[in-house]
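The data block below is structure07.txt; it holds compact mmCIF, C-alpha atoms (C1' of nucleotides).
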```txt
# COMPACT_ATOMS: atom_id res chain seq x y z
CA MET A 1301 9.55 -31.86 -17.07
CA VAL A 1302 7.90 -29.68 -14.45
CA LYS A 1303 4.62 -28.09 -15.32
CA THR A 1304 5.15 -24.39 -15.84
CA VAL A 1305 1.78 -23.60 -17.30
CA PHE A 1306 -0.79 -22.19 -14.98
CA GLU A 1307 -4.45 -21.76 -15.32
CA LYS A 1308 -6.67 -19.29 -13.54
CA SER A 1309 -7.60 -21.72 -10.79
CA ASP A 1310 -3.90 -22.21 -9.96
CA ALA A 1311 -3.30 -18.50 -9.83
CA ILE A 1312 -6.01 -17.59 -7.33
CA PRO A 1313 -4.61 -19.31 -4.21
CA LEU A 1314 -1.18 -17.84 -4.94
CA LEU A 1315 -2.71 -14.39 -5.32
CA ALA A 1316 -4.67 -14.90 -2.13
CA GLU A 1317 -1.50 -15.50 -0.18
CA ALA A 1318 0.14 -12.42 -1.66
CA PHE A 1319 -2.79 -10.14 -0.80
CA ARG A 1320 -3.11 -11.71 2.63
CA GLU A 1321 0.49 -10.99 3.56
CA LEU A 1322 0.96 -7.65 1.84
CA GLY A 1323 -2.50 -6.08 1.85
CA TYR A 1324 -4.13 -4.67 -1.26
CA GLU A 1325 -1.98 -1.56 -1.57
CA GLY A 1326 1.14 -3.34 -0.38
CA ALA A 1327 0.79 -6.04 -3.01
CA THR A 1328 2.51 -4.42 -5.99
CA LEU A 1329 2.47 -6.14 -9.35
CA SER A 1330 6.16 -6.87 -9.08
CA SER A 1331 5.86 -8.37 -5.60
CA ILE A 1332 2.98 -10.48 -6.88
CA THR A 1333 4.94 -11.76 -9.87
CA ALA A 1334 7.93 -12.41 -7.62
CA ARG A 1335 6.10 -14.54 -5.10
CA THR A 1336 3.65 -16.29 -7.38
CA GLY A 1337 6.04 -17.01 -10.24
CA LEU A 1338 3.41 -15.74 -12.64
CA SER A 1339 4.51 -13.12 -15.14
CA LYS A 1340 2.54 -10.00 -15.84
CA GLY A 1341 1.57 -11.51 -19.16
CA SER A 1342 -0.14 -14.42 -17.47
CA LEU A 1343 -1.69 -12.27 -14.79
CA TYR A 1344 -3.26 -9.85 -17.24
CA HIS A 1345 -4.30 -12.73 -19.44
CA PHE A 1346 -6.29 -14.27 -16.58
CA PHE A 1347 -7.40 -10.98 -15.04
CA PRO A 1348 -7.82 -8.34 -17.74
CA GLY A 1349 -9.20 -6.01 -15.11
CA GLY A 1350 -5.81 -5.87 -13.39
CA LYS A 1351 -5.17 -5.85 -9.68
CA GLU A 1352 -8.76 -5.09 -8.80
CA GLU A 1353 -10.04 -8.11 -10.72
CA MET A 1354 -7.37 -10.27 -9.07
CA ALA A 1355 -8.54 -9.17 -5.66
CA GLU A 1356 -12.17 -9.74 -6.60
CA ALA A 1357 -11.39 -13.28 -7.69
CA VAL A 1358 -9.53 -13.91 -4.45
CA LEU A 1359 -12.35 -12.49 -2.35
CA ASP A 1360 -14.80 -14.69 -4.19
CA HIS A 1361 -12.59 -17.74 -3.73
CA VAL A 1362 -12.35 -17.17 0.03
CA ASP A 1363 -16.09 -16.63 0.24
CA ARG A 1364 -16.77 -19.89 -1.59
CA TRP A 1365 -14.45 -21.79 0.74
CA PHE A 1366 -16.26 -20.50 3.79
CA ILE A 1367 -19.66 -21.18 2.30
CA ALA A 1368 -18.71 -24.78 1.58
CA HIS A 1369 -16.82 -25.52 4.81
CA VAL A 1370 -18.45 -23.26 7.38
CA PHE A 1371 -21.62 -21.39 6.40
CA GLN A 1372 -23.57 -24.19 4.71
CA PRO A 1373 -22.79 -26.76 7.41
CA LEU A 1374 -23.99 -24.25 10.01
CA GLU A 1375 -27.13 -23.61 8.02
CA GLU A 1376 -27.99 -27.18 7.06
CA GLU A 1377 -26.31 -29.77 9.24
CA GLU A 1378 -26.89 -30.77 12.84
CA PRO A 1379 -26.09 -27.56 14.73
CA GLY A 1380 -23.93 -29.02 17.52
CA ALA A 1381 -21.66 -30.85 15.12
CA ALA A 1382 -21.58 -27.93 12.69
CA ILE A 1383 -20.43 -25.53 15.40
CA ALA A 1384 -17.73 -27.93 16.55
CA GLY A 1385 -16.71 -28.32 12.92
CA MET A 1386 -16.53 -24.55 12.55
CA TRP A 1387 -13.90 -24.22 15.29
CA GLN A 1388 -11.89 -26.96 13.69
CA ALA A 1389 -12.18 -25.50 10.18
CA VAL A 1390 -11.27 -22.03 11.41
CA ASP A 1391 -8.21 -23.22 13.31
CA ALA A 1392 -7.05 -25.16 10.27
CA TYR A 1393 -7.85 -22.44 7.73
CA PHE A 1394 -6.02 -19.71 9.62
CA ARG A 1395 -3.19 -22.10 10.46
CA ALA A 1396 -3.54 -21.54 14.18
CA GLY A 1397 -3.33 -17.78 13.64
CA GLN A 1398 -0.25 -17.74 11.41
CA ARG A 1399 -2.47 -16.85 8.48
CA VAL A 1400 -4.42 -13.62 8.45
CA CYS A 1401 -8.02 -13.12 7.36
CA LEU A 1402 -7.86 -11.45 3.96
CA ILE A 1403 -11.34 -10.04 4.27
CA GLY A 1404 -10.75 -8.73 7.78
CA ALA A 1405 -7.54 -7.06 6.66
CA PHE A 1406 -9.27 -5.46 3.69
CA ALA A 1407 -12.00 -4.21 6.00
CA LEU A 1408 -9.60 -2.15 8.07
CA ASP A 1409 -8.21 0.30 5.51
CA GLU A 1410 -9.70 2.11 2.48
CA THR A 1411 -9.60 -1.15 0.57
CA ARG A 1412 -12.97 -1.67 2.20
CA ASP A 1413 -14.44 1.03 -0.01
CA ARG A 1414 -13.30 -0.87 -3.08
CA PHE A 1415 -15.10 -4.11 -2.19
CA PRO A 1416 -17.80 -3.12 0.28
CA GLN A 1417 -20.43 -5.70 -0.72
CA ALA A 1418 -18.05 -8.68 -0.70
CA ILE A 1419 -16.66 -7.75 2.70
CA ASN A 1420 -20.05 -7.08 4.22
CA ARG A 1421 -21.62 -10.23 2.79
CA TYR A 1422 -18.94 -12.53 4.20
CA PHE A 1423 -19.32 -11.36 7.79
CA VAL A 1424 -23.07 -10.97 7.71
CA ARG A 1425 -23.54 -14.49 6.42
CA TRP A 1426 -21.10 -15.93 8.95
CA ILE A 1427 -22.86 -14.27 11.85
CA SER A 1428 -26.35 -15.18 10.67
CA ALA A 1429 -25.37 -18.78 9.88
CA LEU A 1430 -23.87 -19.21 13.33
CA ALA A 1431 -26.80 -17.47 15.00
CA GLY A 1432 -29.16 -19.82 13.17
CA ALA A 1433 -27.29 -22.86 14.44
CA LEU A 1434 -27.36 -21.47 17.97
CA ILE A 1435 -31.12 -20.96 17.74
CA ARG A 1436 -31.58 -24.54 16.62
CA VAL A 1437 -29.51 -25.60 19.59
CA GLY A 1438 -31.92 -23.87 21.94
CA LYS A 1439 -30.87 -20.24 22.36
CA ASP A 1440 -33.37 -17.48 21.95
CA GLU A 1441 -32.93 -15.29 18.91
CA LYS A 1442 -31.41 -12.27 20.62
CA THR A 1443 -28.89 -14.25 22.62
CA ALA A 1444 -27.96 -16.30 19.58
CA THR A 1445 -27.24 -13.21 17.47
CA GLN A 1446 -25.20 -11.66 20.25
CA LEU A 1447 -23.17 -14.81 20.79
CA ALA A 1448 -22.59 -15.28 17.07
CA GLU A 1449 -21.36 -11.71 16.73
CA HIS A 1450 -19.14 -12.26 19.74
CA ALA A 1451 -17.60 -15.40 18.27
CA VAL A 1452 -16.89 -13.98 14.82
CA LEU A 1453 -15.42 -10.79 16.20
CA GLY A 1454 -13.34 -12.82 18.63
CA ILE A 1455 -11.82 -14.78 15.77
CA GLN A 1456 -10.87 -11.60 13.94
CA GLY A 1457 -9.41 -10.08 17.07
CA ALA A 1458 -7.46 -13.21 17.82
CA LEU A 1459 -5.85 -12.99 14.39
CA VAL A 1460 -4.82 -9.40 15.01
CA LEU A 1461 -3.35 -10.24 18.40
CA THR A 1462 -1.55 -13.32 17.17
CA ARG A 1463 0.24 -11.29 14.51
CA ALA A 1464 0.90 -8.45 16.94
CA THR A 1465 2.32 -10.46 19.82
CA ALA A 1466 3.81 -13.34 17.79
CA ASP A 1467 2.37 -15.67 20.41
CA GLY A 1468 1.85 -18.89 18.51
CA LYS A 1469 -0.56 -20.41 20.99
CA LEU A 1470 -2.82 -17.39 21.42
CA PHE A 1471 -5.14 -18.17 18.54
CA THR A 1472 -6.02 -21.73 19.47
CA ARG A 1473 -6.38 -20.69 23.11
CA ALA A 1474 -8.74 -17.87 22.12
CA LEU A 1475 -10.79 -20.27 20.01
CA GLU A 1476 -11.26 -22.57 23.00
CA ARG A 1477 -12.33 -19.65 25.15
CA LEU A 1478 -14.80 -18.45 22.52
CA ALA A 1479 -16.22 -21.93 22.13
CA ALA A 1480 -16.75 -22.04 25.87
CA VAL A 1481 -18.66 -18.76 25.81
CA LEU A 1482 -21.10 -20.22 23.27
CA GLU A 1483 -21.79 -23.15 25.60
CA ILE A 1484 -23.16 -20.96 28.35
CA MET B 494 -2.07 36.19 2.32
CA VAL B 495 -2.57 33.75 5.16
CA LYS B 496 0.14 31.22 5.74
CA THR B 497 -0.70 28.32 8.00
CA VAL B 498 2.26 27.45 10.16
CA PHE B 499 2.40 24.05 11.74
CA GLU B 500 4.75 22.54 14.24
CA LYS B 501 5.62 18.89 14.70
CA SER B 502 3.05 18.36 17.44
CA ASP B 503 0.29 19.60 15.13
CA ALA B 504 1.44 17.29 12.37
CA ILE B 505 1.35 14.03 14.31
CA PRO B 506 -2.41 13.75 14.89
CA LEU B 507 -3.04 14.60 11.25
CA LEU B 508 -0.56 11.96 10.15
CA ALA B 509 -2.15 9.48 12.53
CA GLU B 510 -5.51 9.92 10.88
CA ALA B 511 -3.99 9.49 7.43
CA PHE B 512 -2.19 6.25 8.35
CA ARG B 513 -5.24 4.99 10.18
CA GLU B 514 -7.51 5.36 7.19
CA LEU B 515 -5.09 4.44 4.42
CA GLY B 516 -2.67 2.01 6.03
CA TYR B 517 1.08 2.38 5.82
CA GLU B 518 1.45 1.38 2.18
CA GLY B 519 -1.76 3.07 1.16
CA ALA B 520 -0.68 6.38 2.63
CA THR B 521 1.32 7.92 -0.19
CA LEU B 522 3.18 11.15 0.34
CA SER B 523 0.78 12.96 -1.93
CA SER B 524 -2.31 11.59 -0.18
CA ILE B 525 -0.74 12.65 3.12
CA THR B 526 -0.06 16.18 1.90
CA ALA B 527 -3.56 16.35 0.45
CA ARG B 528 -5.39 15.43 3.62
CA THR B 529 -3.12 17.06 6.18
CA GLY B 530 -2.53 20.30 4.33
CA LEU B 531 1.16 19.95 5.09
CA SER B 532 3.55 20.24 2.17
CA LYS B 533 6.31 17.76 1.54
CA GLY B 534 8.76 20.44 2.57
CA SER B 535 7.18 20.69 6.00
CA LEU B 536 6.84 16.96 6.37
CA TYR B 537 10.49 16.30 5.59
CA HIS B 538 11.49 19.21 7.76
CA PHE B 539 9.76 17.58 10.74
CA PHE B 540 10.56 14.00 9.81
CA PRO B 541 13.86 13.78 7.92
CA GLY B 542 13.57 10.01 7.96
CA GLY B 543 10.57 10.19 5.64
CA LYS B 544 7.44 8.09 5.83
CA GLU B 545 8.97 5.58 8.22
CA GLU B 546 9.85 8.28 10.74
CA MET B 547 6.35 9.73 10.39
CA ALA B 548 4.84 6.36 11.21
CA GLU B 549 7.21 5.88 14.14
CA ALA B 550 6.17 9.22 15.58
CA VAL B 551 2.52 8.34 15.15
CA LEU B 552 2.97 4.94 16.77
CA ASP B 553 4.74 6.57 19.67
CA HIS B 554 2.00 9.17 20.00
CA VAL B 555 -0.72 6.52 20.13
CA ASP B 556 1.26 4.52 22.67
CA ARG B 557 1.67 7.55 24.91
CA TRP B 558 -2.05 8.26 24.77
CA PHE B 559 -2.91 4.75 25.86
CA ILE B 560 -0.30 4.79 28.59
CA ALA B 561 -1.70 7.99 30.02
CA HIS B 562 -5.40 7.21 29.64
CA VAL B 563 -5.61 3.43 29.90
CA PHE B 564 -2.49 1.53 30.94
CA GLN B 565 -1.33 3.66 33.86
CA PRO B 566 -4.82 3.96 35.38
CA LEU B 567 -5.15 0.18 35.17
CA GLU B 568 -1.76 -0.26 36.79
CA GLU B 569 -2.04 2.34 39.51
CA GLU B 570 -5.59 3.36 40.27
CA GLU B 571 -8.41 1.53 41.98
CA PRO B 572 -8.97 -1.43 39.65
CA GLY B 573 -12.77 -1.37 39.44
CA ALA B 574 -12.87 2.28 38.49
CA ALA B 575 -9.90 1.91 36.15
CA ILE B 576 -11.57 -0.93 34.23
CA ALA B 577 -14.79 1.05 33.93
CA GLY B 578 -12.71 3.99 32.78
CA MET B 579 -11.02 1.80 30.18
CA TRP B 580 -14.32 0.92 28.47
CA GLN B 581 -15.25 4.56 28.41
CA ALA B 582 -11.86 5.68 27.09
CA VAL B 583 -11.85 2.98 24.41
CA ASP B 584 -15.34 3.82 23.21
CA ALA B 585 -14.42 7.48 23.03
CA TYR B 586 -10.99 6.95 21.44
CA PHE B 587 -12.27 4.70 18.68
CA ARG B 588 -15.32 6.91 18.17
CA ALA B 589 -17.72 4.05 18.78
CA GLY B 590 -15.91 1.97 16.17
CA GLN B 591 -15.78 4.59 13.41
CA ARG B 592 -12.07 4.96 14.00
CA VAL B 593 -9.75 2.06 13.42
CA CYS B 594 -6.86 0.95 15.65
CA LEU B 595 -3.71 2.07 13.84
CA ILE B 596 -1.57 -0.47 15.65
CA GLY B 597 -3.98 -3.32 15.01
CA ALA B 598 -4.13 -2.42 11.33
CA PHE B 599 -0.34 -2.29 11.10
CA ALA B 600 -0.17 -5.69 12.79
CA LEU B 601 -2.13 -7.40 10.04
CA ASP B 602 0.08 -6.82 6.99
CA GLU B 603 3.83 -6.73 6.42
CA THR B 604 3.93 -3.31 8.08
CA ARG B 605 4.23 -5.37 11.25
CA ASP B 606 7.74 -6.35 10.26
CA ARG B 607 8.70 -2.72 10.03
CA PHE B 608 7.66 -1.84 13.60
CA PRO B 609 7.58 -5.14 15.46
CA GLN B 610 8.63 -3.87 18.89
CA ALA B 611 6.20 -0.94 18.97
CA ILE B 612 3.28 -3.14 17.95
CA ASN B 613 4.17 -5.93 20.35
CA ARG B 614 4.79 -3.57 23.25
CA TYR B 615 1.39 -1.87 22.93
CA PHE B 616 -0.66 -5.05 23.12
CA VAL B 617 1.49 -6.79 25.71
CA ARG B 618 1.27 -3.83 28.04
CA TRP B 619 -2.46 -3.48 27.55
CA ILE B 620 -3.08 -7.13 28.38
CA SER B 621 -0.76 -7.17 31.36
CA ALA B 622 -2.12 -3.90 32.75
CA LEU B 623 -5.67 -5.19 32.49
CA ALA B 624 -4.72 -8.59 33.93
CA GLY B 625 -3.07 -6.82 36.86
CA ALA B 626 -6.23 -4.87 37.59
CA LEU B 627 -8.31 -8.04 37.38
CA ILE B 628 -5.99 -9.75 39.85
CA ARG B 629 -6.34 -6.85 42.26
CA VAL B 630 -10.10 -7.18 41.89
CA GLY B 631 -9.93 -10.79 43.05
CA LYS B 632 -9.33 -13.02 40.04
CA ASP B 633 -6.60 -15.61 40.12
CA GLU B 634 -3.63 -14.95 37.86
CA LYS B 635 -4.48 -17.43 35.13
CA THR B 636 -8.10 -16.37 34.83
CA ALA B 637 -7.10 -12.72 34.87
CA THR B 638 -4.63 -13.14 32.00
CA GLN B 639 -7.17 -15.09 29.96
CA LEU B 640 -9.87 -12.54 30.52
CA ALA B 641 -7.56 -9.66 29.72
CA GLU B 642 -6.51 -11.30 26.47
CA HIS B 643 -10.15 -11.93 25.67
CA ALA B 644 -11.09 -8.30 26.24
CA VAL B 645 -8.28 -6.77 24.19
CA LEU B 646 -8.79 -9.15 21.30
CA GLY B 647 -12.50 -8.51 21.46
CA ILE B 648 -11.92 -4.79 21.05
CA GLN B 649 -9.75 -5.35 17.99
CA GLY B 650 -12.24 -7.76 16.48
CA ALA B 651 -15.10 -5.37 17.13
CA LEU B 652 -13.24 -2.68 15.17
CA VAL B 653 -12.79 -5.05 12.22
CA LEU B 654 -16.44 -6.04 12.25
CA THR B 655 -17.68 -2.49 12.61
CA ARG B 656 -15.79 -1.44 9.50
CA ALA B 657 -16.81 -4.58 7.66
CA THR B 658 -20.52 -4.47 8.37
CA ALA B 659 -20.91 -0.70 8.68
CA ASP B 660 -23.10 -1.39 11.71
CA GLY B 661 -22.70 1.73 13.80
CA LYS B 662 -23.95 0.21 17.01
CA LEU B 663 -21.89 -2.99 16.88
CA PHE B 664 -18.84 -1.59 18.63
CA THR B 665 -20.53 -0.17 21.70
CA ARG B 666 -22.68 -3.30 21.96
CA ALA B 667 -19.56 -5.50 21.79
CA LEU B 668 -17.88 -3.42 24.47
CA GLU B 669 -20.83 -3.97 26.81
CA ARG B 670 -20.72 -7.69 26.16
CA LEU B 671 -16.97 -7.83 26.80
CA ALA B 672 -17.36 -5.84 30.00
CA ALA B 673 -19.98 -8.34 31.13
CA VAL B 674 -17.61 -11.25 30.52
CA LEU B 675 -15.03 -9.66 32.81
CA GLU B 676 -17.61 -9.46 35.59
CA ILE B 677 -18.10 -13.21 35.76
C1' DC C 826 17.65 46.44 12.30
C1' DA C 827 20.46 42.59 11.02
C1' DG C 828 20.96 37.90 11.12
C1' DG C 829 19.47 33.37 11.91
C1' DC C 830 16.34 29.85 11.81
C1' DA C 831 11.92 27.16 11.86
C1' DG C 832 8.72 26.43 8.48
C1' DT C 833 7.00 26.38 3.54
C1' DA C 834 6.43 25.85 -1.53
C1' DA C 835 7.68 24.09 -5.77
C1' DA C 836 10.65 22.17 -9.10
C1' DC C 837 13.01 18.21 -9.65
C1' DC C 838 15.16 13.29 -9.26
C1' DG C 839 15.58 8.26 -10.39
C1' DA C 840 12.87 4.28 -9.36
C1' DT C 841 8.75 1.98 -9.42
C1' DT C 842 3.85 1.92 -10.09
C1' DG C 843 -0.26 -0.41 -12.60
C1' DG C 844 -1.14 -1.44 -17.18
C1' DT C 845 -0.44 -2.57 -22.53
C1' DA C 846 1.26 -4.79 -26.78
C1' DC C 847 2.65 -8.54 -29.00
C1' DA C 848 5.51 -12.17 -30.58
C1' DA C 849 7.18 -16.58 -28.95
C1' DA C 850 6.16 -20.75 -26.75
C1' DT C 851 3.19 -24.28 -25.31
C1' DT C 852 -0.85 -26.82 -25.26
C1' DA C 853 -4.92 -29.59 -26.67
C1' DG C 854 -7.86 -31.44 -30.46
C1' DA C 855 -8.32 -33.33 -35.01
C1' DT D 614 1.38 -34.10 -37.27
C1' DC D 615 -0.94 -29.86 -38.35
C1' DT D 616 -3.62 -26.30 -36.50
C1' DA D 617 -6.00 -23.17 -33.48
C1' DA D 618 -6.23 -21.62 -29.05
C1' DT D 619 -4.22 -20.76 -24.79
C1' DT D 620 -0.42 -19.26 -22.02
C1' DT D 621 3.80 -16.72 -21.29
C1' DG D 622 8.09 -13.45 -21.34
C1' DT D 623 9.64 -9.11 -22.51
C1' DA D 624 9.86 -4.57 -23.89
C1' DC D 625 7.46 -0.64 -23.25
C1' DC D 626 4.30 3.27 -21.49
C1' DA D 627 2.65 7.40 -18.83
C1' DA D 628 1.82 8.36 -14.14
C1' DT D 629 3.11 8.33 -9.70
C1' DC D 630 6.09 6.82 -6.05
C1' DG D 631 9.25 8.38 -1.91
C1' DG D 632 12.67 11.51 -1.45
C1' DT D 633 15.92 15.79 -2.39
C1' DT D 634 17.08 20.37 -3.31
C1' DT D 635 16.71 25.11 -3.45
C1' DA D 636 14.77 29.44 -2.71
C1' DC D 637 11.81 31.79 -0.08
C1' DT D 638 8.98 33.30 3.69
C1' DG D 639 8.04 35.40 8.36
C1' DC D 640 9.16 35.63 13.17
C1' DC D 641 12.36 35.94 17.09
C1' DT D 642 16.49 37.51 19.10
C1' DG D 643 20.94 39.95 19.55
```

Will you turn the file into structure tokens for me?
Amino acid sequence: MVKTVFEKSDAIPLLAEAFRELGYEGATLSSITARTGLSKGSLYHFFPGGKEEMAEAVLDHVDRWFIAHVFQPLEEEEPGAAIAGMWQAVDAYFRAGQRVCLIGAFALDETRDRFPQAINRYFVRWISALAGALIRVGKDEKTATQLAEHAVLGIQGALVLTRATADGKLFTRALERLAAVLEI
Amino acid sequence: MVKTVFEKSDAIPLLAEAFRELGYEGATLSSITARTGLSKGSLYHFFPGGKEEMAEAVLDHVDRWFIAHVFQPLEEEEPGAAIAGMWQAVDAYFRAGQRVCLIGAFALDETRDRFPQAINRYFVRWISALAGALIRVGKDEKTATQLAEHAVLGIQGALVLTRATADGKLFTRALERLAAVLEI
DNA sequence: CAGGCAGTAAACCGATTGGTACAAATTAGA
DNA sequence: TCTAATTTGTACCAATCGGTTTACTGCCTG
């Protein structure tokens, strides 16, 4: 017998994918139930606050993933290895550009005004974690911040362009170029 | 009693701003009428095809603007001046990052699948026009294409990050950094 | 000055929206 | 195995969705 009973932790990744592909407004309750297989009963059982609470949980889940796999390594581990690991983690996480950044997508429309702190926190921490690693690798503070900003914004832009042009190799190519810029 | 009379060409920029801020799904007919001042009667008089036709007209309008102010100069005018003009036009058009790229925003969610050609065409032409100018300025073809891709994606990413961090100076700063990369 | 037509307002439509209620089913713990 | 708690499907709700229709402006032209 196949397991048909979900718990909250099963629901979040499914919700994440729905919001990622449809956007916050585009993700209607019925499209969410259709693609996750979770009924409204289950959804509102796990997330009494409705769609907004679902999105909050997803945002938090994404944030945690990046903290564990990207931000903390940049902050605590050997900077050279952590930066190399970041490029690898990013390429894997975004599936070579086939997967969009939920938080970046939310930032673009009025969804931003619904979750301003979560969206701001994610990018600010990414940039400062990367800048910190660059400082420890020998850059001066101003250069490091500039380069970190450049890298993070390049990743977001590469995701936009990959979706827009349907060029499957663009993302990985852009990542290599961005990595090269940090080496200078 | 004053009666404000619009024509189609007045409606398009207003619609553009609505779609830009709300996204395609987020822009409901009532939110559109509220912020444009155009009634549904007027809207459906101008765009019998409904919301989709409104978005098509807006997409076309944006494309035309970029052709006239960015793509054609890059393709036809003296490349150095055209590239410098591009940075200026982009900074002005996106209001130093306060304004989002409609086409980039559409590219991120399933709205892309509604207007795939228009979205693809915009970015492909931008990259190839810029690459062409870079070639005429002395770069080899491969480097030129890479740099052009890098610049366009950087602009899109800078818009995402500006919205996300609410850092008003980020966009112009990113533009300067991107311009510097092209100089190498 | 009569008619036509681009533009407007408002009432209206069925479908779908996010959200609720609650009983039935399933689970884990004793 | 009995029970209490968790999880789920379904029917339902008011509000709003995108879209249609109709009646009405005011201006331009014949």

Could you list, as a count of residues only, every residue of chain B that has an atom within 12 Å of an atom of chain D, counting all atoms listed in the file? 24

Contact set, chain B to chain A: 10 Å, all atoms listed in the file, as a ChimeraX atom specification: /B:512-520,592-606,609-617,639-640,642-660,663,666-667,670-671,674

How far is it from CA of Leu1314 in chain A to C1' of DG844 in chain C, in Å with one decimal?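 These atoms are spaced 20.5 Å apart.
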
What are the closest atom pairs, with distances in Å to one decimal, for all residues of chain C lying within 10 Å of chain A? Consider all atoms listed in the file, order rows by chain and residue number, and present the result as a tab-separated table.
```
residue	atom	partner	partner_atom	distance
C:DT841	C1'	A:Ser1330	CA	9.2
C:DT842	C1'	A:Thr1328	CA	7.7
C:DG843	C1'	A:Leu1329	CA	7.1
C:DG844	C1'	A:Gly1350	CA	7.5
C:DT845	C1'	A:Tyr1344	CA	9.4
C:DT851	C1'	A:Val1305	CA	8.2
C:DT852	C1'	A:Val1305	CA	9.0
```

Hey, can you spit out that residue selection with C-alpha atoms (C1' of nucleotides) as a short mmCIF file (atom, residue, chain, number, x, y, z; two decimals), in the coordinates of the input?
```cif
data_model
loop_
_atom_site.label_atom_id
_atom_site.label_comp_id
_atom_site.auth_asym_id
_atom_site.auth_seq_id
_atom_site.Cartn_x
_atom_site.Cartn_y
_atom_site.Cartn_z
"C1'" DT C 841 8.75 1.98 -9.42
"C1'" DT C 842 3.85 1.92 -10.09
"C1'" DG C 843 -0.26 -0.41 -12.60
"C1'" DG C 844 -1.14 -1.44 -17.18
"C1'" DT C 845 -0.44 -2.57 -22.53
"C1'" DT C 851 3.19 -24.28 -25.31
"C1'" DT C 852 -0.85 -26.82 -25.26
#
```

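Here CA of Ala575 in chain B stands at a distance of 11.9 Å from CA of Ala561 in chain B.
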
Could you please determine the separation between CA of Glu1476 in chain A and CA of Thr1445 in chain A in Å, to one decimal place?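 Spanning CA of Glu1476 in chain A to CA of Thr1445 in chain A is a straight-line distance of 19.3 Å.
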
Rank B:Ala509, B:Arg618, B:Met579, B:Thr665 by their smallest atom-to-atom distance to Glu549 in chain B, using all atoms listed in the file, and report the top residue only.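 Using all atoms listed in the file, the shortest distance to Glu549 in chain B belongs to B:Ala509.
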